[in-house]
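Shown next, in structure tokens, is the structure this report addresses.
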Amino acid sequence: MTTTKSTRGGLVPLLVIASAQLMVVLDDSIVNIALPSIQRELEVAPTLLPWVVNAYILAFGALLLLGGRIGDLWGRKRTLQVGIAVFVVASLVGGLGLNVEMLVAARAVQGLGAALAAPNALALIATTFSERKVRDQALSLYGAMSGLGIVIGLLLGGVLTDQLGWRWVFFINVPIGILVLLGTRTLIAADRGTGRLGALGAVLGTAGMVALVYAITRFGENGFADPTAYTVVGAALVLLATFVRTQRSSPNPLMPPSLFRDRNRTGAYLTMLGLAIGPMGTFYVITLYMQEVVDFSPLQTGLTWLPFALGIVLGAGIAPQLLMKIAPRYVAAFGALLGAGGAFWFSTITVEPSYWTLMAPAMVLIALGFGLGTITLTQAAVYGVAADRAGIASALLNSAQQIGVALGLAILAGVAATVTAGNGTTTPSSLVDGYSTALVVGAGILLASAVLALLTLRGGVSDAEQAIKEPRTISA
């Protein structure tokens, strides 16, 4: 059995972990606003432009498992520090980018840094905050950053691009990253795990994740008729199936099969996948609607998403109190249902925008549901895990969320494009038809996530309390 170390409470460690998560999530969206400026200045071909975003998502999503396992074996605090340092250097190189190839390479290295930092920041919460109240606050703030980062990325990207130029969406990470790096000295590191990384598992798992995320990005770019994407999906399935088979017999598994013996934890991973698909796909579709139909500027678009930030804060703040009284399965399912309601409400958009009576309340509803669900699923995934496997358990949750983001973009963007193309025109009315259909699909995915949460997560309040009161004392 492994127990947590004594608490080193305080504001600084809390801010360090939250800021690390905010930085890596923020970069999912901050560059989107700057894409037109990047395209003009660097003369980027339309076919290459999406890879300024996709290179980061691909590297981040594909390398999370490896980053989590490295943290378990070599030290989570040290791995977090290396990840932040890599992220900062890559951000500086990206801001100095002379051409699109240099920029895409820098974005991929940013993704590597994020994959090292994100799962270990989450795993460090339990070793740094052993008092339940402080730990729950840290988890709430960490979960809130997952949603707030997207909105802050749009707001900050719009301001920086308008006022200072696109290069500052990268340069801004340098001072923030350095401050976070200095602050990591206040974190308490768990004992380093024993064992080896397992070269075969690392190669198969990483290659399979790279192939899967790459296929998802291709579906998002080219629609569901892309034969190359289906070929890559086949290769990903073969690689991941081989990976799972080798993990069962490996003395040093990258992803210990025992992690999935707990139905609660497995359910948390699967539910997070669907929970991320809905809100993030909806976010993408509505952002397109604002710019292509309503004709908002990038900065206006970012500002209109402020109600989303309000909903995230409310959800993250309410979740710990609800989990004291209500079983996790009901809290997560309720969150997914709220998100489904918000997505369906969004699907009633028309060519004439209705912000205060439609868009703003739908944003709050989706964000509130996402905040409730994220906190609940984070607790389900990381509590009760042996300390030497906390990094990989956290990485699996981050992987589910990141892959869910990529899937959400691909599925909803593909549905919207297919419906619009079927109309034979790209008029505002035709675009709205595509967006509305895609949003209905997003609502359906969130409903399915609610059902999955009810079927797999813990059913009693006592179970939830036990998981919280005795963190990391149960061997995975």
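Residues are referred to by chain and number: the chain letter is A, B, ... according to the order shown in the structure tokens, the number counts from 1 in that chain, and ligands are numbered separately from 1 in the order shown.
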Subject >> Members of stretch 117-349 of chain A assigned alpha helix (DSSP H) by DSSP, as an MDAnalysis selection string >> reply: chainID A and resid 117:128 132:163 168:171 173:183 199:222 227:249 263:292 298:304 306:325 328:346
Subject >> Spatial neighbours of stretch 337-341 of chain A, max dist 9 Å, only C-alpha atoms, sep filter under 3 positions, as an MDAnalysis selection string >> reply: chainID A and resid 275 278:279 332:334 344:346 362:363 365:370 440 442:447 449:450
Selected residues written out, C-alpha atoms, as a PDB file, in the first residue's frame:
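Saved as selection10.pdb:
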```
ATOM      1  CA  LEU A 275     -18.096  14.439 -22.577  1.00  0.00           C
ATOM      2  CA  GLY A 278     -19.909  17.264 -27.180  1.00  0.00           C
ATOM      3  CA  PRO A 279     -18.833  20.621 -25.732  1.00  0.00           C
ATOM      4  CA  ALA A 332     -21.605  12.907 -14.071  1.00  0.00           C
ATOM      5  CA  ALA A 333     -24.821  11.870 -15.811  1.00  0.00           C
ATOM      6  CA  PHE A 334     -26.522  15.129 -14.805  1.00  0.00           C
ATOM      7  CA  PHE A 344     -29.777  20.880 -28.551  1.00  0.00           C
ATOM      8  CA  TRP A 345     -30.708  24.457 -27.639  1.00  0.00           C
ATOM      9  CA  PHE A 346     -27.828  25.633 -29.841  1.00  0.00           C
ATOM     10  CA  ALA A 362     -26.905  27.535 -24.062  1.00  0.00           C
ATOM     11  CA  MET A 363     -23.225  28.322 -23.442  1.00  0.00           C
ATOM     12  CA  LEU A 365     -25.695  25.130 -19.776  1.00  0.00           C
ATOM     13  CA  ILE A 366     -23.017  23.286 -21.755  1.00  0.00           C
ATOM     14  CA  ALA A 367     -20.203  24.694 -19.632  1.00  0.00           C
ATOM     15  CA  LEU A 368     -21.987  23.929 -16.352  1.00  0.00           C
ATOM     16  CA  GLY A 369     -22.457  20.334 -17.457  1.00  0.00           C
ATOM     17  CA  PHE A 370     -18.852  20.048 -18.591  1.00  0.00           C
ATOM     18  CA  VAL A 440     -28.031  17.664 -32.790  1.00  0.00           C
ATOM     19  CA  GLY A 442     -23.362  16.543 -30.436  1.00  0.00           C
ATOM     20  CA  ALA A 443     -26.421  16.448 -28.187  1.00  0.00           C
ATOM     21  CA  GLY A 444     -26.876  12.752 -28.985  1.00  0.00           C
ATOM     22  CA  ILE A 445     -23.267  11.981 -28.049  1.00  0.00           C
ATOM     23  CA  LEU A 446     -23.728  13.732 -24.710  1.00  0.00           C
ATOM     24  CA  LEU A 447     -26.918  11.762 -24.025  1.00  0.00           C
ATOM     25  CA  SER A 449     -22.306   9.741 -22.236  1.00  0.00           C
ATOM     26  CA  ALA A 450     -24.967  10.262 -19.562  1.00  0.00           C
TER      27      ALA A 450
END
```
Subject >> All residues 10 Å or closer to A:Val151, only C-alpha atoms, same chain fewer than 2 positions away omitted, as number ranges by chain >> reply: A: 25-26, 29-30, 145-149, 153-157, 283, 301-309
Subject >> Long-range neighbours of A:Arg265 as a list in words, 7 Å cut-off, only C-alpha atoms, 5 positions minimum in chain >> reply: Phe260, Ala380 and Ala381 of chain A
**OP:** Within 7 Å of stretch 424-438 of chain A, counting only C-alpha atoms, which residues show up once you throw out same-chain ones fewer than 3 positions away? Write them as a list in words, please.
**Re:** Val285, Val293, Ser347, Thr348, Ile349, Thr350, Val351, Leu412, Val415, Ala416, Ala417, Val419, Thr420, Ala421, Val441 and Gly442 of chain A
Subject >> Close residues, A:Val232 itself excluded, 10 Å, only C-alpha atoms, min 4 positions apart in chain, as a ChimeraX atom specification >> reply: /A:208,210-216,218,227-228,236-238
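Put simply, atom CA of A:Glu101 is 28.0 Å away from atom CA of A:Gly234.
In terms of minimum interatomic distance to A:Leu397, A:Pro119 ranks closest within A:Pro251, A:Gly317, A:Pro119, A:Pro50, counting only C-alpha atoms.
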**OP:** Mind giving me the straight-line distance from atom CA of A:Lys77 to atom CA of A:Ser19 in Å, one decimal?
**Re:**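 Atom-to-atom, atom CA of A:Lys77 and atom CA of A:Ser19 are spaced 14.7 Å apart.
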**OP:** Could you give me, as a PyMOL selection string, the residues within 9 Å of stretch 405-408 of chain A, counting only C-alpha atoms and dropping anything in the same chain fewer than 2 positions from it?
**Re:** chain A and resi 54+57-58+61+213+216-217+219-220+273-274+276-282+284+400-403+410-413+442
Go ahead and save the picked residues with N, CA, C and O atoms, as a short mmCIF file (atom, residue, chain, number, x, y, z; two decimals), in the first residue's frame.
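Once everything was written out, this is result_14.cif:
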```cif
data_model
loop_
_atom_site.label_atom_id
_atom_site.label_comp_id
_atom_site.auth_asym_id
_atom_site.auth_seq_id
_atom_site.Cartn_x
_atom_site.Cartn_y
_atom_site.Cartn_z
N ASN A 54 -3.20 21.24 -35.87
CA ASN A 54 -3.22 19.79 -35.73
C ASN A 54 -1.91 19.19 -35.23
O ASN A 54 -1.92 18.15 -34.56
N ILE A 57 -2.19 19.13 -31.47
CA ILE A 57 -3.16 18.12 -31.00
C ILE A 57 -2.62 16.72 -31.21
O ILE A 57 -2.75 15.84 -30.35
N LEU A 58 -1.98 16.48 -32.36
CA LEU A 58 -1.45 15.16 -32.68
C LEU A 58 -0.39 14.74 -31.67
O LEU A 58 -0.46 13.64 -31.09
N GLY A 61 -1.97 14.54 -27.89
CA GLY A 61 -2.84 13.38 -27.67
C GLY A 61 -2.11 12.05 -27.77
O GLY A 61 -2.39 11.11 -27.03
N VAL A 213 -4.86 9.61 -33.74
CA VAL A 213 -5.11 11.05 -33.72
C VAL A 213 -4.92 11.64 -35.11
O VAL A 213 -5.65 12.55 -35.53
N ILE A 216 -8.01 10.99 -37.09
CA ILE A 216 -9.10 11.88 -36.65
C ILE A 216 -8.94 13.26 -37.27
O ILE A 216 -9.91 13.86 -37.75
N THR A 217 -7.72 13.77 -37.28
CA THR A 217 -7.50 15.10 -37.87
C THR A 217 -7.79 15.09 -39.37
O THR A 217 -8.30 16.07 -39.92
N PHE A 219 -10.04 13.18 -40.90
CA PHE A 219 -11.50 13.19 -41.03
C PHE A 219 -12.04 14.61 -40.86
O PHE A 219 -12.96 15.03 -41.57
N GLY A 220 -11.46 15.33 -39.90
CA GLY A 220 -11.91 16.69 -39.67
C GLY A 220 -11.62 17.60 -40.85
O GLY A 220 -12.38 18.52 -41.16
N LEU A 273 -14.36 10.68 -22.68
CA LEU A 273 -14.24 10.73 -24.14
C LEU A 273 -15.47 11.37 -24.76
O LEU A 273 -15.37 12.29 -25.58
N GLY A 274 -16.66 10.90 -24.36
CA GLY A 274 -17.90 11.45 -24.91
C GLY A 274 -18.18 12.86 -24.41
O GLY A 274 -18.67 13.71 -25.15
N ALA A 276 -16.06 15.18 -23.71
CA ALA A 276 -15.22 16.14 -24.42
C ALA A 276 -15.68 16.32 -25.87
O ALA A 276 -15.55 17.41 -26.44
N ILE A 277 -16.21 15.26 -26.47
CA ILE A 277 -16.68 15.36 -27.86
C ILE A 277 -17.78 16.41 -27.98
O ILE A 277 -17.74 17.27 -28.87
N GLY A 278 -18.76 16.37 -27.07
CA GLY A 278 -19.91 17.26 -27.18
C GLY A 278 -19.57 18.74 -27.06
O GLY A 278 -19.72 19.50 -28.02
N PRO A 279 -19.08 19.19 -25.90
CA PRO A 279 -18.83 20.62 -25.73
C PRO A 279 -17.79 21.17 -26.69
O PRO A 279 -17.96 22.26 -27.25
N MET A 280 -16.69 20.46 -26.91
CA MET A 280 -15.63 21.01 -27.74
C MET A 280 -16.02 21.02 -29.22
O MET A 280 -15.68 21.93 -29.97
N GLY A 281 -16.77 19.99 -29.64
CA GLY A 281 -17.28 20.02 -31.01
C GLY A 281 -18.29 21.14 -31.20
O GLY A 281 -18.30 21.85 -32.20
N THR A 282 -19.15 21.32 -30.18
CA THR A 282 -20.12 22.41 -30.21
C THR A 282 -19.42 23.76 -30.24
O THR A 282 -19.81 24.67 -30.99
N TYR A 284 -16.55 24.45 -31.49
CA TYR A 284 -15.99 24.67 -32.83
C TYR A 284 -17.08 25.11 -33.81
O TYR A 284 -16.90 26.07 -34.58
N ALA A 400 -8.11 10.58 -22.97
CA ALA A 400 -9.53 10.50 -23.33
C ALA A 400 -10.09 11.87 -23.66
O ALA A 400 -10.83 12.04 -24.63
N GLN A 401 -9.71 12.87 -22.86
CA GLN A 401 -10.21 14.21 -23.11
C GLN A 401 -9.65 14.78 -24.42
O GLN A 401 -10.39 15.37 -25.22
N GLN A 402 -8.34 14.61 -24.64
CA GLN A 402 -7.73 15.17 -25.84
C GLN A 402 -8.23 14.49 -27.11
O GLN A 402 -8.49 15.14 -28.12
N ILE A 403 -8.37 13.18 -27.05
CA ILE A 403 -8.91 12.45 -28.21
C ILE A 403 -10.37 12.84 -28.41
O ILE A 403 -10.85 12.97 -29.54
N ALA A 410 -13.70 16.55 -35.47
CA ALA A 410 -13.83 15.78 -36.71
C ALA A 410 -15.28 15.42 -37.00
O ALA A 410 -15.76 15.60 -38.12
N ILE A 411 -15.99 14.89 -35.99
CA ILE A 411 -17.35 14.41 -36.22
C ILE A 411 -18.29 15.57 -36.54
O ILE A 411 -19.00 15.56 -37.55
N LEU A 412 -18.31 16.58 -35.69
CA LEU A 412 -19.25 17.68 -35.90
C LEU A 412 -18.90 18.52 -37.11
O LEU A 412 -19.79 18.94 -37.86
N ALA A 413 -17.60 18.75 -37.35
CA ALA A 413 -17.21 19.49 -38.55
C ALA A 413 -17.56 18.69 -39.80
O ALA A 413 -18.01 19.25 -40.81
N GLY A 442 -24.09 16.31 -31.68
CA GLY A 442 -23.36 16.54 -30.44
C GLY A 442 -24.23 16.29 -29.23
O GLY A 442 -23.77 15.69 -28.22
#
```
**OP:** Have a look at atom CA of A:Arg263 and atom CA of A:Ala117 and let me know their distance in Å, one decimal.
**Re:**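 Going from atom CA of A:Arg263 over to atom CA of A:Ala117 covers 26.8 Å.
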